>>> print(open('start-v3.txt').read())   # compact mmCIF, C-alpha atoms
# COMPACT_ATOMS: atom_id res chain seq x y z
CA MET N 5 0.00 0.00 0.00
CA VAL N 6 1.69 3.19 -1.22
CA VAL N 7 0.70 6.34 0.65
CA PHE N 8 3.43 8.89 -0.19
CA ALA N 9 4.61 10.02 -3.62
CA ASP N 10 8.05 10.81 -2.20
CA ARG N 11 9.69 12.31 0.89
CA GLY N 12 8.47 15.81 0.04
CA ASP N 13 4.88 14.60 -0.14
CA ALA N 14 5.36 12.67 3.10
CA GLY N 15 6.66 15.81 4.77
CA ARG N 16 3.66 17.84 3.71
CA GLN N 17 1.25 15.21 5.01
CA LEU N 18 3.17 14.93 8.27
CA ALA N 19 3.21 18.71 8.67
CA GLU N 20 -0.59 18.76 8.74
CA ARG N 21 -0.47 16.64 11.91
CA LEU N 22 1.94 19.09 13.52
CA LEU N 23 0.25 22.41 12.70
CA PRO N 24 -0.81 22.99 16.35
CA LEU N 25 2.90 23.61 17.05
CA ARG N 26 3.01 26.65 14.77
CA GLY N 27 3.76 29.78 16.77
CA ARG N 28 5.62 27.94 19.54
CA ASP N 29 9.37 28.07 20.07
CA VAL N 30 10.03 25.03 17.88
CA VAL N 31 13.17 23.71 16.21
CA VAL N 32 12.84 20.99 13.55
CA LEU N 33 15.72 18.49 13.32
CA GLY N 34 16.07 16.09 10.39
CA LEU N 35 17.95 12.82 10.62
CA PRO N 36 20.29 12.69 7.64
CA ARG N 37 19.96 11.84 4.99
CA GLY N 38 16.44 10.65 4.23
CA GLY N 39 14.80 12.51 7.09
CA VAL N 40 15.91 15.95 5.93
CA PRO N 41 13.59 16.31 2.88
CA VAL N 42 10.69 15.34 5.15
CA ALA N 43 11.84 17.73 7.89
CA PHE N 44 12.23 20.57 5.38
CA GLN N 45 8.51 20.44 4.57
CA VAL N 46 7.63 20.28 8.27
CA ALA N 47 9.81 23.27 9.12
CA GLU N 48 8.35 25.24 6.24
CA ALA N 49 4.77 24.57 7.38
CA LEU N 50 5.54 25.40 11.02
CA HIS N 51 7.56 28.52 10.10
CA ALA N 52 10.33 26.99 12.20
CA PRO N 53 14.12 26.80 11.82
CA LEU N 54 15.62 23.60 10.41
CA ASP N 55 18.78 21.79 11.39
CA VAL N 56 20.19 18.26 11.34
CA ILE N 57 20.75 15.98 14.30
CA VAL N 58 23.74 13.75 13.64
CA VAL N 59 24.35 10.73 15.84
CA ARG N 60 27.00 8.00 15.78
CA LYS N 61 26.72 4.54 17.27
CA LEU N 62 29.39 3.33 19.70
CA GLY N 63 29.89 -0.29 18.68
CA VAL N 64 31.40 -2.96 20.87
CA PRO N 65 35.05 -3.30 19.68
CA TYR N 66 34.88 -6.97 18.69
CA GLN N 67 31.20 -6.80 17.60
CA PRO N 68 30.75 -3.32 16.10
CA GLU N 69 27.16 -3.90 14.98
CA LEU N 70 26.18 -4.21 18.67
CA ALA N 71 25.72 -0.73 20.16
CA MET N 72 26.98 -0.02 23.65
CA GLY N 73 25.98 3.62 23.32
CA ALA N 74 25.84 6.59 20.99
CA ILE N 75 27.18 10.11 20.73
CA GLY N 76 26.00 13.44 19.35
CA GLU N 77 27.16 17.02 19.12
CA GLY N 78 27.95 19.17 22.12
CA GLY N 79 29.58 16.27 23.96
CA ALA N 80 26.31 14.31 24.10
CA ARG N 81 26.83 10.68 25.04
CA VAL N 82 24.32 7.94 25.80
CA LEU N 83 25.59 4.63 27.22
CA ASN N 84 23.88 1.26 27.49
CA THR N 85 25.19 0.02 30.82
CA GLU N 86 23.58 -3.40 30.34
CA VAL N 87 25.48 -4.05 27.08
CA ARG N 88 28.72 -2.82 28.63
CA ALA N 89 28.28 -5.15 31.59
CA LEU N 90 27.49 -8.15 29.37
CA THR N 91 30.39 -7.56 27.00
CA GLY N 92 32.96 -6.45 29.55
CA VAL N 93 34.11 -3.42 27.55
CA THR N 94 36.72 -1.50 29.56
CA ASP N 95 36.87 2.26 30.03
CA GLU N 96 39.96 2.36 27.84
CA GLU N 97 38.24 0.45 25.03
CA LEU N 98 35.20 2.71 25.29
CA GLU N 99 37.41 5.78 25.09
CA THR N 100 39.17 4.45 21.97
CA VAL N 101 35.86 3.78 20.19
CA GLU N 102 34.40 7.15 21.23
CA ARG N 103 37.49 9.06 20.08
CA ARG N 104 37.23 7.49 16.62
CA GLU N 105 33.48 8.06 16.36
CA ARG N 106 33.75 11.68 17.53
CA SER N 107 36.21 12.34 14.74
CA LEU N 108 33.81 10.83 12.22
CA LEU N 109 30.91 12.77 13.76
CA ALA N 110 32.79 16.06 13.39
CA GLU N 111 33.57 15.31 9.75
CA ARG N 112 29.95 14.42 9.02
CA VAL N 113 28.62 17.55 10.68
CA ALA N 114 31.14 19.75 8.84
CA ASP N 115 30.15 18.20 5.50
CA LEU N 116 26.45 18.83 6.06
CA ARG N 117 26.48 22.18 7.85
CA MET N 118 29.07 23.83 5.62
CA GLY N 119 30.09 26.32 8.30
CA ARG N 120 26.64 26.98 9.79
CA GLU N 121 26.37 27.00 13.58
CA ARG N 122 24.32 24.35 15.35
CA LEU N 123 20.94 25.70 16.47
CA ASP N 124 20.62 26.12 20.24
CA LEU N 125 18.07 23.65 21.65
CA ALA N 126 18.14 24.82 25.27
CA GLY N 127 14.64 25.32 26.66
CA ARG N 128 12.95 24.68 23.30
CA THR N 129 10.48 22.23 21.81
CA VAL N 130 12.31 19.97 19.37
CA VAL N 131 10.63 18.01 16.58
CA ILE N 132 12.89 15.20 15.34
CA VAL N 133 11.93 13.98 11.87
CA ASP N 134 12.89 10.89 9.90
CA ASP N 135 11.37 9.33 6.79
CA GLY N 136 10.10 6.38 8.84
CA ILE N 137 10.76 4.17 11.86
CA ALA N 138 11.55 0.48 11.56
CA THR N 139 13.29 -0.67 14.76
CA GLY N 140 13.40 2.75 16.42
CA SER N 141 17.04 2.48 17.52
CA THR N 142 18.23 5.59 15.67
CA ALA N 143 15.17 7.57 16.72
CA ARG N 144 15.72 6.65 20.36
CA VAL N 145 19.31 7.83 20.33
CA ALA N 146 18.33 11.09 18.57
CA CYS N 147 15.71 11.82 21.23
CA GLU N 148 18.19 11.20 24.03
CA VAL N 149 20.83 13.39 22.38
CA ALA N 150 18.29 16.22 21.91
CA ARG N 151 17.50 16.13 25.63
CA HIS N 152 21.20 16.15 26.44
CA LEU N 153 21.49 19.32 24.33
CA GLY N 154 18.82 21.07 26.41
CA ALA N 155 15.48 20.39 24.71
CA THR N 156 12.60 20.61 27.20
CA THR N 157 10.08 18.83 24.97
CA VAL N 158 10.98 16.22 22.37
CA ILE N 159 8.51 15.13 19.68
CA MET N 160 9.39 12.31 17.30
CA ALA N 161 7.59 12.74 13.97
CA VAL N 162 7.65 10.33 11.04
CA PRO N 163 5.39 9.59 8.06
CA VAL N 164 5.22 5.86 8.84
CA MET N 165 6.04 3.63 11.82
CA PRO N 166 4.90 0.31 13.33
CA ALA N 167 1.66 0.51 15.31
CA GLU N 168 3.42 -0.71 18.47
CA THR N 169 5.96 2.14 18.50
CA ASP N 170 5.97 3.55 22.01
CA GLY N 171 6.97 7.11 22.89
CA SER N 172 8.42 6.14 26.26
CA PHE N 173 10.66 3.56 24.56
CA LEU N 174 11.94 6.23 22.18
CA GLY N 175 12.44 8.74 24.98
CA ALA N 176 10.03 11.17 23.33
CA ASP N 177 7.25 13.14 24.98
CA GLU N 178 5.07 12.47 21.97
CA VAL N 179 5.22 10.45 18.76
CA VAL N 180 3.39 11.68 15.66
CA SER N 181 2.87 9.76 12.43
CA VAL N 182 0.64 9.74 9.37
CA LEU N 183 0.52 5.96 9.08
CA ALA N 184 1.04 3.21 11.68
CA PRO N 185 0.35 -0.23 10.17
CA GLU N 186 0.07 -3.30 12.37
CA HIS N 187 2.69 -5.13 10.32
CA LEU N 188 5.33 -2.81 8.86
CA VAL N 189 7.44 -4.79 6.40
CA ALA N 190 9.59 -1.93 5.11
CA VAL N 191 9.37 1.84 5.28
CA GLY N 192 10.13 2.15 1.56
CA ASN N 193 7.03 0.12 0.67
CA HIS N 194 4.91 3.14 1.53
CA TYR N 195 6.71 5.48 -0.89
CA ARG N 196 6.31 5.56 -4.66
CA ASP N 197 9.76 7.16 -4.89
CA PHE N 198 12.14 6.12 -2.10
CA SER N 199 15.38 6.77 -3.98
CA ALA N 200 18.42 7.64 -1.91
CA THR N 201 18.88 11.20 -0.67
CA SER N 202 22.32 12.64 -1.43
CA ASP N 203 24.48 14.84 0.77
CA GLU N 204 24.10 17.54 -1.89
CA GLU N 205 20.31 17.50 -1.49
CA VAL N 206 20.64 17.76 2.29
CA ILE N 207 23.02 20.71 2.00
CA VAL N 208 20.75 22.57 -0.41
CA LEU N 209 17.72 22.09 1.84
CA LEU N 210 19.64 23.29 4.91
CA ASP N 211 20.97 26.29 2.98
CA THR N 212 17.48 27.15 1.77
CA ALA N 213 16.08 26.93 5.29
CA ALA N 214 18.94 29.07 6.65
CA ARG N 215 18.35 31.66 3.94
CA ARG N 216 14.84 32.15 5.31
CA MET N 217 16.17 32.92 8.77
CA ARG N 218 16.65 36.56 9.70
CA ASN N 219 17.34 37.65 13.27
CA GLY N 220 16.27 34.23 14.49
CA ARG N 221 12.93 34.34 12.69
CA VAL N 222 11.78 32.57 9.54
CA VAL N 223 10.97 34.86 6.62
CA ALA N 224 9.08 33.23 3.76
CA ASP N 225 9.49 34.06 0.09
CA SER N 226 7.29 36.90 -1.09
CA LEU N 227 5.31 34.32 -3.05
CA ASP N 228 5.23 30.63 -2.15
CA ARG N 229 2.09 28.66 -2.84
CA ASP N 230 0.32 25.94 -4.79
CA VAL N 231 -1.38 27.15 -7.96
CA GLU N 232 -3.83 25.85 -10.57
CA ILE N 233 -3.38 26.88 -14.19
CA PRO N 234 -6.18 26.44 -16.77
CA ALA N 235 -5.13 24.74 -20.04
CA ASP N 236 -7.03 22.65 -22.57
CA GLY N 237 -10.08 22.45 -20.36
CA VAL N 238 -8.15 21.02 -17.40
CA LEU N 239 -6.43 22.54 -14.39
CA LEU N 240 -2.67 21.98 -14.22
CA GLU N 241 -1.26 21.81 -10.70
CA GLY N 242 1.92 23.62 -9.83
CA HIS N 243 3.91 25.27 -7.07
CA LEU N 244 5.11 28.85 -7.54
CA ARG N 245 7.90 30.49 -5.56
CA LEU N 246 9.19 33.98 -6.17
CA PRO N 247 11.88 35.50 -3.93
CA LYS N 248 11.59 39.21 -3.20
CA GLY N 249 13.01 41.26 -6.06
CA ALA N 250 13.33 38.33 -8.47
CA THR N 251 13.40 39.37 -12.14
CA GLY N 252 13.57 35.88 -13.63
CA ILE N 253 11.52 32.73 -13.25
CA VAL N 254 12.18 29.15 -14.43
CA VAL N 255 9.29 26.88 -15.43
CA PHE N 256 9.96 23.16 -14.95
CA ALA N 257 8.69 20.91 -17.72
CA HIS N 258 8.42 17.14 -17.41
CA GLY N 259 6.11 14.80 -19.27
CA SER N 260 4.30 13.51 -16.19
CA GLY N 261 1.47 14.30 -13.83
CA SER N 262 3.57 14.39 -10.67
CA SER N 263 6.72 16.27 -11.64
CA ARG N 264 6.19 19.05 -9.11
CA HIS N 265 6.83 16.42 -6.42
CA SER N 266 9.96 15.02 -8.12
CA PRO N 267 12.86 15.19 -5.63
CA ARG N 268 15.24 15.87 -8.53
CA ASN N 269 13.17 18.79 -9.80
CA GLN N 270 12.80 20.12 -6.25
CA PHE N 271 16.55 19.86 -5.72
CA VAL N 272 17.32 21.89 -8.85
CA ALA N 273 14.58 24.41 -7.96
CA GLU N 274 16.14 25.00 -4.54
CA MET N 275 19.49 25.68 -6.19
CA LEU N 276 17.88 28.22 -8.52
CA LEU N 277 16.08 29.92 -5.63
CA ARG N 278 19.44 30.36 -3.90
CA VAL N 279 20.65 32.57 -6.76
CA GLY N 280 17.49 34.69 -6.71
CA LEU N 281 15.41 33.03 -9.43
CA GLY N 282 11.73 32.24 -9.12
CA THR N 283 10.50 28.73 -9.92
CA LEU N 284 7.27 27.18 -11.14
CA LEU N 285 7.19 23.41 -10.60
CA LEU N 286 4.47 22.23 -12.94
CA ASP N 287 2.55 19.06 -13.78
CA LEU N 288 1.88 19.11 -17.52
CA LEU N 289 -0.54 16.18 -17.22
CA THR N 290 -3.32 15.52 -14.76
CA ALA N 291 -3.25 12.48 -12.49
CA GLU N 292 -5.87 10.85 -14.74
CA GLU N 293 -3.87 11.50 -17.92
CA GLU N 294 -0.45 10.36 -16.70
CA PRO N 295 -1.01 6.56 -16.74
CA ASN N 296 -1.54 6.74 -20.51
CA ARG N 297 2.04 6.61 -21.85
CA THR N 298 0.89 8.11 -25.13
CA ASN N 299 0.28 11.40 -23.32
CA VAL N 300 3.81 11.38 -21.87
CA PHE N 301 5.21 11.39 -25.43
CA ASP N 302 2.65 13.79 -26.91
CA ILE N 303 5.17 16.62 -27.27
CA GLU N 304 2.74 18.98 -29.00
CA LEU N 305 0.23 18.58 -26.14
CA LEU N 306 2.90 19.11 -23.48
CA ALA N 307 4.29 22.14 -25.31
CA HIS N 308 0.84 23.69 -25.67
CA ARG N 309 0.28 23.37 -21.93
CA LEU N 310 3.70 24.81 -21.18
CA THR N 311 2.82 27.78 -23.37
CA ALA N 312 -0.46 28.18 -21.46
CA ALA N 313 1.45 28.25 -18.17
CA THR N 314 3.84 30.83 -19.60
CA THR N 315 0.93 33.04 -20.68
CA TRP N 316 -0.56 32.66 -17.19
CA LEU N 317 2.68 33.89 -15.62
CA ARG N 318 2.87 36.89 -17.93
CA ARG N 319 -0.65 37.94 -16.96
CA ARG N 320 0.01 37.88 -13.21
CA PRO N 321 1.09 41.27 -11.85
CA GLU N 322 3.86 39.83 -9.65
CA THR N 323 5.48 37.85 -12.50
CA ALA N 324 4.52 39.90 -15.55
CA GLY N 325 7.90 41.66 -15.72
CA CYS N 326 10.04 38.54 -15.22
CA ARG N 327 12.19 36.94 -17.88
CA ILE N 328 11.11 33.33 -18.29
CA GLY N 329 13.24 30.24 -18.81
CA TYR N 330 12.40 26.57 -19.26
CA PHE N 331 14.04 23.64 -17.47
CA GLY N 332 13.10 20.40 -19.19
CA ALA N 333 13.78 16.81 -18.18
CA SER N 334 13.06 13.67 -20.17
CA THR N 335 10.19 14.32 -22.63
CA GLY N 336 9.69 17.71 -20.99
CA ALA N 337 12.87 18.90 -22.70
CA GLY N 338 11.27 18.23 -26.09
CA ALA N 339 8.16 20.12 -24.97
CA ALA N 340 10.27 23.05 -23.72
CA LEU N 341 12.08 23.41 -27.04
CA TRP N 342 8.85 22.99 -29.03
CA ALA N 343 7.23 25.77 -26.97
CA ALA N 344 10.32 27.98 -27.21
CA ALA N 345 10.15 27.69 -31.01
CA GLU N 346 6.67 29.20 -31.14
CA PRO N 347 6.61 32.64 -32.84
CA GLY N 348 6.81 35.40 -30.25
CA SER N 349 7.51 32.99 -27.37
CA ASP N 350 10.33 35.23 -26.06
CA ILE N 351 11.79 32.54 -23.79
CA ALA N 352 15.06 33.86 -22.35
CA ALA N 353 16.83 30.49 -21.99
CA VAL N 354 16.28 26.73 -22.04
CA VAL N 355 18.10 24.01 -20.08
CA SER N 356 17.62 20.29 -20.73
CA ARG N 357 18.76 17.73 -18.12
CA GLY N 358 18.84 14.16 -19.38
CA GLY N 359 16.23 15.29 -21.87
CA ARG N 360 14.87 14.24 -25.22
CA PRO N 361 15.26 17.36 -27.40
CA ASP N 362 15.15 15.07 -30.43
CA LEU N 363 11.40 14.72 -29.87
CA ALA N 364 11.06 18.33 -31.04
CA ALA N 365 13.28 17.73 -34.09
CA ALA N 366 10.98 19.48 -36.55
CA ARG N 367 10.96 22.66 -34.46
CA LEU N 368 14.61 22.82 -33.39
CA PRO N 369 15.83 25.12 -36.22
CA GLN N 370 13.25 27.71 -35.13
CA VAL N 371 14.47 27.88 -31.49
CA SER N 372 16.17 31.22 -30.77
CA SER N 373 16.50 30.82 -26.98
CA PRO N 374 20.05 30.09 -25.72
CA THR N 375 19.96 26.36 -24.95
CA LEU N 376 22.07 24.23 -22.61
CA LEU N 377 21.90 20.46 -23.03
CA ILE N 378 23.13 18.49 -19.98
CA VAL N 379 23.55 14.74 -20.42
CA GLY N 380 25.05 11.99 -18.29
CA GLY N 381 28.21 10.43 -19.68
CA ALA N 382 26.86 6.96 -18.89
CA ASP N 383 23.57 7.65 -20.69
CA ALA N 384 24.95 6.69 -24.09
CA ALA N 385 21.71 6.45 -26.09
CA VAL N 386 20.35 9.79 -24.87
CA LEU N 387 23.75 11.44 -25.34
CA GLU N 388 23.74 10.48 -29.03
CA LEU N 389 20.17 11.81 -29.42
CA ASN N 390 21.26 15.11 -27.83
CA ARG N 391 24.21 15.40 -30.21
CA GLN N 392 21.88 14.90 -33.15
CA ALA N 393 19.46 17.49 -31.74
CA GLN N 394 22.26 20.00 -31.15
CA ALA N 395 23.23 19.72 -34.81
CA ARG N 396 19.74 20.97 -35.74
CA LEU N 397 19.72 23.93 -33.37
CA ARG N 398 20.62 27.34 -34.81
CA CYS N 399 20.58 29.26 -31.53
CA ARG N 400 23.43 29.73 -29.07
CA THR N 401 23.83 26.27 -27.60
CA ARG N 402 26.09 24.11 -25.49
CA LEU N 403 26.13 20.39 -24.76
CA THR N 404 27.78 19.44 -21.47
CA VAL N 405 28.47 15.85 -20.47
CA VAL N 406 28.52 15.03 -16.74
CA ASP N 407 30.98 12.18 -16.32
CA GLY N 408 29.60 9.03 -14.70
CA ALA N 409 25.98 10.19 -14.62
CA THR N 410 23.19 7.94 -15.82
CA HIS N 411 19.80 9.09 -17.06
CA LEU N 412 18.37 10.18 -13.69
CA PHE N 413 21.65 11.67 -12.34
CA GLU N 414 21.39 9.46 -9.24
CA GLU N 415 25.15 9.07 -8.78
CA PRO N 416 26.67 11.08 -5.88
CA GLY N 417 27.36 14.69 -6.84
CA THR N 418 26.09 14.45 -10.42
CA LEU N 419 22.74 16.15 -9.85
CA ALA N 420 24.48 18.99 -8.00
CA ILE N 421 26.77 19.48 -11.00
CA ALA N 422 23.76 19.63 -13.32
CA ALA N 423 21.96 22.07 -11.01
CA ASN N 424 24.99 24.36 -10.84
CA LEU N 425 25.32 24.33 -14.63
CA ALA N 426 21.65 25.24 -14.95
CA GLY N 427 22.02 27.97 -12.34
CA ASP N 428 24.93 29.58 -14.20
CA TRP N 429 23.06 29.48 -17.51
CA PHE N 430 19.83 30.92 -16.13
CA THR N 431 21.59 33.53 -14.00
CA HIS N 432 23.27 34.92 -17.09
CA TYR N 433 20.26 34.92 -19.37
CA LEU N 434 17.48 35.68 -16.88
CA LEU N 435 19.07 37.86 -14.21
CA LEU N 436 21.98 39.54 -15.98
CA GLU N 437 21.94 41.62 -19.10
CA ALA N 438 22.55 39.16 -21.93
CA GLU N 439 25.78 40.07 -23.70
CA GLU N 440 26.91 39.46 -27.25
CA ASN N 441 29.23 36.69 -25.99
CA PRO N 442 28.51 34.18 -23.24
CA PRO N 443 30.20 34.63 -19.84
CA ASP N 444 33.18 32.54 -18.82
CA GLY N 445 32.45 28.84 -19.12
CA LEU N 446 29.61 29.26 -21.62
CA VAL N 447 30.88 28.51 -25.08
CA PRO N 448 29.66 29.55 -28.54
CA PRO N 449 27.23 27.57 -30.71
CA LYS N 450 28.03 23.97 -31.65
CA ALA N 451 30.77 23.60 -29.03
CA GLU N 452 30.68 20.70 -26.61
CA SER N 453 32.43 20.37 -23.27
CA PRO N 454 34.00 16.99 -22.58
>>> encode(input="start-v3.txt", output="structure tokens")
Amino acid sequence: MVVFADRGDAGRQLAERLLPLRGRDVVVLGLPRGGVPVAFQVAEALHAPLDVIVVRKLGVPYQPELAMGAIGEGGARVLNTEVRALTGVTDEELETVERRERSLLAERVADLRMGRERLDLAGRTVVIVDDGIATGSTARVACEVARHLGATTVIMAVPVMPAETDGSFLGADEVVSVLAPEHLVAVGNHYRDFSATSDEEVIVLLDTAARRMRNGRVVADSLDRDVEIPADGVLLEGHLRLPKGATGIVVFAHGSGSSRHSPRNQFVAEMLLRVGLGTLLLDLLTAEEEPNRTNVFDIELLAHRLTAATTWLRRRPETAGCRIGYFGASTGAGAALWAAAEPGSDIAAVVSRGGRPDLAAARLPQVSSPTLLIVGGADAAVLELNRQAQARLRCRTRLTVVDGATHLFEEPGTLAIAANLAGDWFTHYLLLEAEENPPDGLVPPKAESP
């Protein structure tokens, strides 16, 4: 039984259960890595600051999978005296294990926080969030560490957990979940998309949350809400975010009915928001239309709906003056280029990530928008299709190959590379005055980076 589209969807559903906490002195802590995308949505809904809680197990020296305790930041240490007594671990052996684990803890925290200070938990209500509870061992340690760091109230919140999960066992004052089945086989069974969360995604989410903090208070974007856009007699669902003062906005195009919930699209959108661009995450198909694979490859239909969304943006007073760019993935890249080729489209730039621009082959010579094609080096078939499509383009274009990346850019660091490339391209063409020549790193037409 699938309940959640992905971790973002799970976070939004979980946040509804926690809304009574809004307005209280709350800190939301995500357990890395998978808990952070869930916690991000919770923190956003509660208008609360977001941080990570990093814990390390102290394993018995000759049986490291058996925990004799755990450690956290700020000198937090939780020991299991029963395990120590049964195993006979000496103080010296414990000290050796803890010294090693504290070094690893410090490295992990530094990698994720990137110089940000740990949020003070003293005297505050702390909501610890993970993407699900199986055995509860990690959750229990996190709750104990949060108390050690000064939290007065600890709430453990997860989308899914076993029905028998007990708050007193976890050391929490309260446990909140969306789903608690009697027989939980695996947390991932309740997610349509349970793909691994990367460190890069965690860092972007923490950076985005920190950017909203001013003088200890959370400040939301000037515009941040779900929207419905009329097109072809249906309502397309989307999510629009526009930072204060933004003069450019990127519309995300993907040939599906759930792309606004895609963790990859959300990751790239967060990167673009960091540089001051607005984003419109958009479903080009309805939930009823998506199961029909013919619709996913109906490039003319997808392009027409993308054009309708663009017209909708240009008629809204808050976005009417913005330059507009398209970010296309998979068949959405073909739709983006088809729409950009329409007479008078005036699209400032197009970026394709692992896309199928070849599906707009007939329209490619008419595209005038500067176009960046990003393809994974291990995605051989799509790479060849992109090379063929680039040969038909007459606009300023670049094809960049990300070494080691496959079609979905799931390999560590590859999606961050693609997002940074997109950010540079859009920053130049949407936020800066477009020059006769591209800025450093953006090469003239028909060139290809290795």
>>> residues_around(input="start-v3.txt", residues="Arg309 (chain N)", least_positions_apart="5", cutoff="8 Å", atoms="only C-alpha atoms", output="count of residues only")
3
>>> residues_near_point(input="start-v3.txt", point="(11.7, 32.3, -0.6)", cutoff="12 Å", atoms="only C-alpha atoms", output="PyMOL selection string")
chain N and resi 48+211-217+222-229+244-250+273-283
>>> write_last_selection(input="start-v3.txt", atoms="C-alpha atoms", output="PDB file, in the coordinates of the input")
ATOM      1  CA  GLU N  48       8.350  25.240   6.240  1.00  0.00           C
ATOM      2  CA  ASP N 211      20.970  26.290   2.980  1.00  0.00           C
ATOM      3  CA  THR N 212      17.480  27.150   1.770  1.00  0.00           C
ATOM      4  CA  ALA N 213      16.080  26.930   5.290  1.00  0.00           C
ATOM      5  CA  ALA N 214      18.940  29.070   6.650  1.00  0.00           C
ATOM      6  CA  ARG N 215      18.350  31.660   3.940  1.00  0.00           C
ATOM      7  CA  ARG N 216      14.840  32.150   5.310  1.00  0.00           C
ATOM      8  CA  MET N 217      16.170  32.920   8.770  1.00  0.00           C
ATOM      9  CA  VAL N 222      11.780  32.570   9.540  1.00  0.00           C
ATOM     10  CA  VAL N 223      10.970  34.860   6.620  1.00  0.00           C
ATOM     11  CA  ALA N 224       9.080  33.230   3.760  1.00  0.00           C
ATOM     12  CA  ASP N 225       9.490  34.060   0.090  1.00  0.00           C
ATOM     13  CA  SER N 226       7.290  36.900  -1.090  1.00  0.00           C
ATOM     14  CA  LEU N 227       5.310  34.320  -3.050  1.00  0.00           C
ATOM     15  CA  ASP N 228       5.230  30.630  -2.150  1.00  0.00           C
ATOM     16  CA  ARG N 229       2.090  28.660  -2.840  1.00  0.00           C
ATOM     17  CA  LEU N 244       5.110  28.850  -7.540  1.00  0.00           C
ATOM     18  CA  ARG N 245       7.900  30.490  -5.560  1.00  0.00           C
ATOM     19  CA  LEU N 246       9.190  33.980  -6.170  1.00  0.00           C
ATOM     20  CA  PRO N 247      11.880  35.500  -3.930  1.00  0.00           C
ATOM     21  CA  LYS N 248      11.590  39.210  -3.200  1.00  0.00           C
ATOM     22  CA  GLY N 249      13.010  41.260  -6.060  1.00  0.00           C
ATOM     23  CA  ALA N 250      13.330  38.330  -8.470  1.00  0.00           C
ATOM     24  CA  ALA N 273      14.580  24.410  -7.960  1.00  0.00           C
ATOM     25  CA  GLU N 274      16.140  25.000  -4.540  1.00  0.00           C
ATOM     26  CA  MET N 275      19.490  25.680  -6.190  1.00  0.00           C
ATOM     27  CA  LEU N 276      17.880  28.220  -8.520  1.00  0.00           C
ATOM     28  CA  LEU N 277      16.080  29.920  -5.630  1.00  0.00           C
ATOM     29  CA  ARG N 278      19.440  30.360  -3.900  1.00  0.00           C
ATOM     30  CA  VAL N 279      20.650  32.570  -6.760  1.00  0.00           C
ATOM     31  CA  GLY N 280      17.490  34.690  -6.710  1.00  0.00           C
ATOM     32  CA  LEU N 281      15.410  33.030  -9.430  1.00  0.00           C
ATOM     33  CA  GLY N 282      11.730  32.240  -9.120  1.00  0.00           C
ATOM     34  CA  THR N 283      10.500  28.730  -9.920  1.00  0.00           C
TER      35      THR N 283
END
>>> closest_residue(input="start-v3.txt", among="N:Ala340, N:Ala190, N:Val82, N:Leu284", to="Val354 (chain N)", atoms="all atoms listed in the file")
N:Ala340
>>> residues_around(input="start-v3.txt", residues="Ala176 (chain N)", least_positions_apart="3", cutoff="10 Å", atoms="only C-alpha atoms", output="PyMOL selection string")
chain N and resi 130-132+143-144+146-148+150-151+157-161+170-173+179
>>> residues_around(input="start-v3.txt", residues="Asp383 (chain N)", least_positions_apart="3", cutoff="10 Å", atoms="all atoms listed in the file", output="ChimeraX atom specification")
/N:358,379-380,386-388,405-413
>>> write_last_selection(input="start-v3.txt", atoms="C-alpha atoms", output="PDB file, in the coordinates of the input")
ATOM      1  CA  GLY N 358      18.840  14.160 -19.380  1.00  0.00           C
ATOM      2  CA  VAL N 379      23.550  14.740 -20.420  1.00  0.00           C
ATOM      3  CA  GLY N 380      25.050  11.990 -18.290  1.00  0.00           C
ATOM      4  CA  VAL N 386      20.350   9.790 -24.870  1.00  0.00           C
ATOM      5  CA  LEU N 387      23.750  11.440 -25.340  1.00  0.00           C
ATOM      6  CA  GLU N 388      23.740  10.480 -29.030  1.00  0.00           C
ATOM      7  CA  VAL N 405      28.470  15.850 -20.470  1.00  0.00           C
ATOM      8  CA  VAL N 406      28.520  15.030 -16.740  1.00  0.00           C
ATOM      9  CA  ASP N 407      30.980  12.180 -16.320  1.00  0.00           C
ATOM     10  CA  GLY N 408      29.600   9.030 -14.700  1.00  0.00           C
ATOM     11  CA  ALA N 409      25.980  10.190 -14.620  1.00  0.00           C
ATOM     12  CA  THR N 410      23.190   7.940 -15.820  1.00  0.00           C
ATOM     13  CA  HIS N 411      19.800   9.090 -17.060  1.00  0.00           C
ATOM     14  CA  LEU N 412      18.370  10.180 -13.690  1.00  0.00           C
ATOM     15  CA  PHE N 413      21.650  11.670 -12.340  1.00  0.00           C
TER      16      PHE N 413
END
>>> residues_near_point(input="start-v3.txt", point="(1.9, 17.5, -7.0)", cutoff="12 Å", atoms="only C-alpha atoms", output="number ranges by chain")
N: 8-10, 12-14, 16, 229-232, 240-244, 260-267, 269-270, 284-291
>>> closest_residue(input="start-v3.txt", among="N:Leu376, N:Ala74, N:Leu363, N:Val56", to="Leu389 (chain N)", atoms="only C-alpha atoms")
N:Leu363
>>> closest_residue(input="start-v3.txt", among="N:Leu368, N:Val182, N:Ala110, N:Gly252", to="Glu322 (chain N)", atoms="only C-alpha atoms")
N:Gly252
>>> atom_distance(input="start-v3.txt", atom1="CA of Ala345 (chain N)", atom2="CA of Pro369 (chain N)")
8.1 Å
>>> residues_around(input="start-v3.txt", residues="Leu50 (chain N)", least_positions_apart="3", cutoff="7 Å", atoms="all atoms listed in the file", output="list in words")
Leu23, Leu25, Arg26, Val46 and Ala47 of chain N
>>> residues_around(input="start-v3.txt", residues="Pro36 (chain N)", least_positions_apart="6", cutoff="9 Å", atoms="all atoms listed in the file", output="list of chain:residue names")
N:Val56, N:Ile57, N:Val58, N:Leu116, N:Asp134, N:Thr201, N:Asp203, N:Val206
>>> decode(input="start-v3.txt", residues="region 178-182 of chain N", atoms="C-alpha atoms", output="short mmCIF file (atom, residue, chain, number, x, y, z; two decimals), in the first residue's frame")
data_model
loop_
_atom_site.label_atom_id
_atom_site.label_comp_id
_atom_site.auth_asym_id
_atom_site.auth_seq_id
_atom_site.Cartn_x
_atom_site.Cartn_y
_atom_site.Cartn_z
CA GLU N 178 5.07 12.47 21.97
CA VAL N 179 5.22 10.45 18.76
CA VAL N 180 3.39 11.68 15.66
CA SER N 181 2.87 9.76 12.43
CA VAL N 182 0.64 9.74 9.37
#
